[in-house]
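See structure below.
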Amino acid sequence: MPSRSNATLERFYTCLIAGDRPGARAILDELFDAETPAATIASNLIWPTLDALQTLRRNDQITRLAYNYATRLMRSITDQLQLRYDRRESRSVSCLVVCGAEESEELAGQLASDLLEADGYQVYFTGGGISNDEIVAQLGELNVDKLIVFGAIPATVPETRLLIDYLHDIGSCPNLQIIVGGGVFNRADGLAEEIGADLWANDPIELVQKMSAAPDRRMNDEQRTVGRRRAQQKRGKKAA
């Protein structure tokens, strides 16, 4: 991004909350004309703006109208950006990506999915509002390597806890790596570890980097708090 990135962010944000579709697209075209890589636009423009929108909405500092203008417009821009990412060869690794049900959370999940796909992963993106039963069934059907919960809202955290607990408790998908990031996981220090995630990241760009750097990282029973009591009870029964 050019040195005027702060000014570009301000212009972009102003266009978004006003519903100025031509203005927002013009800013994107300026960056394309300057040969700014799509991944750089995602990390320096799209994600910071989306993160700011989520914070403003959470603190009731933005109207519903402005929020809707911004998130709907960002969805179309994210779709355009997806076509411009540099793509690496297939990793032969598959991921199921789920997220919170809010529009901004789905955008975060989509951004993460697009970047992962460009980085060589086979990605299945469900969006939000999917029940744990359906997620578990889909994990078994697809036999994916990684489950990613990205951009979860506070209301979905208890369900995410139950999902991870259930997967470990029944031994379903024993080789599955569980990864969380964005949303409430950024704001609650230690939450990712507490619910038993194997890996966690603050934003979609860091998510791609950490997954590449630690493809085999797993949380062991002693580190995991979710399901720990039941794991200890199982060990006790075996010993008896």
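Here, A, B, ... name the chains of the structure tokens in the order displayed, residue numbers run from 1 inside each chain, and ligands are numbered from 1 in the same displayed order.
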With only C-alpha atoms counted and 12 Å as the cut-off, give the residues of range 51-70 of chain A in contact with range 97-116 of chain A, each with its shortest interatomic distance in Å and the pair that gives it, as CSV.
residue,atom,partner,partner_atom,distance
A:Asp51,CA,A:Ser104,CA,8.5
A:Ala52,CA,A:Ser104,CA,10.4
A:Leu53,CA,A:Ser104,CA,7.8
A:Gln54,CA,A:Ser104,CA,6.5
A:Thr55,CA,A:Ser104,CA,10.3
A:Leu56,CA,A:Ser104,CA,11.4
A:Arg57,CA,A:Ser104,CA,9.5
A:Arg58,CA,A:Ser104,CA,10.9
A:Arg64,CA,A:Glu103,CA,11.6
A:Tyr67,CA,A:Ser104,CA,9.0
A:Asn68,CA,A:Glu103,CA,8.4
A:Tyr69,CA,A:Glu103,CA,11.2
A:Ala70,CA,A:Ser104,CA,9.3
| message | DSSP on the backbone, helix (DSSP H, G or I) only: what residues of range 125-221 of chain A does that give? Format it as a PyMOL selection string. | response | chain A and resi 132-142+154-170+184-187+191-194+204-213
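Here CA of Asp189 in chain A stands at a distance of 23.6 Å from CA of Asn44 in chain A.
Residue nearest Ala197 in chain A, chosen from A:Gly129, A:Ile148, A:Lys210, A:Pro154 and counting only C-alpha atoms: A:Ile148.
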| task | List every residue of range 137-202 of chain A that DSSP, applied to the backbone of this structure, places in strand (DSSP E), and write the result as a list in words. | result | Lys146, Leu147, Ile148, Val149, Phe150, Gln177, Ile178, Ile179, Val180, Gly181, Leu199, Trp200 and Ala201 of chain A
So that I can check the surroundings of Phe185 in chain A, please list as an mmCIF file with C-alpha atoms, in the first residue's frame every protein, DNA and RNA residue that reaches within 8 Å of it, counting only C-alpha atoms and ignoring chain neighbours fewer than 6 positions away.
data_model
loop_
_atom_site.group_PDB
_atom_site.id
_atom_site.type_symbol
_atom_site.label_atom_id
_atom_site.label_comp_id
_atom_site.auth_asym_id
_atom_site.auth_seq_id
_atom_site.Cartn_x
_atom_site.Cartn_y
_atom_site.Cartn_z
ATOM 1 C CA GLY A 151 -14.970 -14.529 13.119
ATOM 2 C CA ALA A 152 -17.211 -15.988 15.816
ATOM 3 C CA LEU A 191 -10.241 -18.073 25.035
ATOM 4 C CA ALA A 192 -8.869 -20.059 22.104
ATOM 5 C CA ASN A 202 -5.877 -12.629 15.031
#
| query | Within 10 Å of Met74 in chain A, counting only C-alpha atoms, which residues qualify if same-chain residues fewer than 6 places away don't, as a PyMOL selection string? | reply | chain A and resi 16+21+24-25+46+49-50+68+80+104+107
Could you save the residues just selected, with C-alpha atoms, as a CSV table (one decimal), in the first residue's frame?
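File written: out32.csv
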chain,number,residue,atom,x,y,z
A,16,LEU,CA,-18.7,2.5,2.6
A,21,ARG,CA,-20.6,2.2,-4.5
A,24,ALA,CA,-15.5,2.6,-3.1
A,25,ARG,CA,-14.8,0.8,-6.4
A,46,ILE,CA,-10.2,-4.7,3.7
A,49,THR,CA,-11.9,-1.6,7.7
A,50,LEU,CA,-13.9,-4.7,8.5
A,68,ASN,CA,-25.6,-2.4,6.2
A,80,GLN,CA,-13.8,-8.9,-6.8
A,104,SER,CA,-19.4,-8.8,9.2
A,107,LEU,CA,-17.3,-11.3,5.5
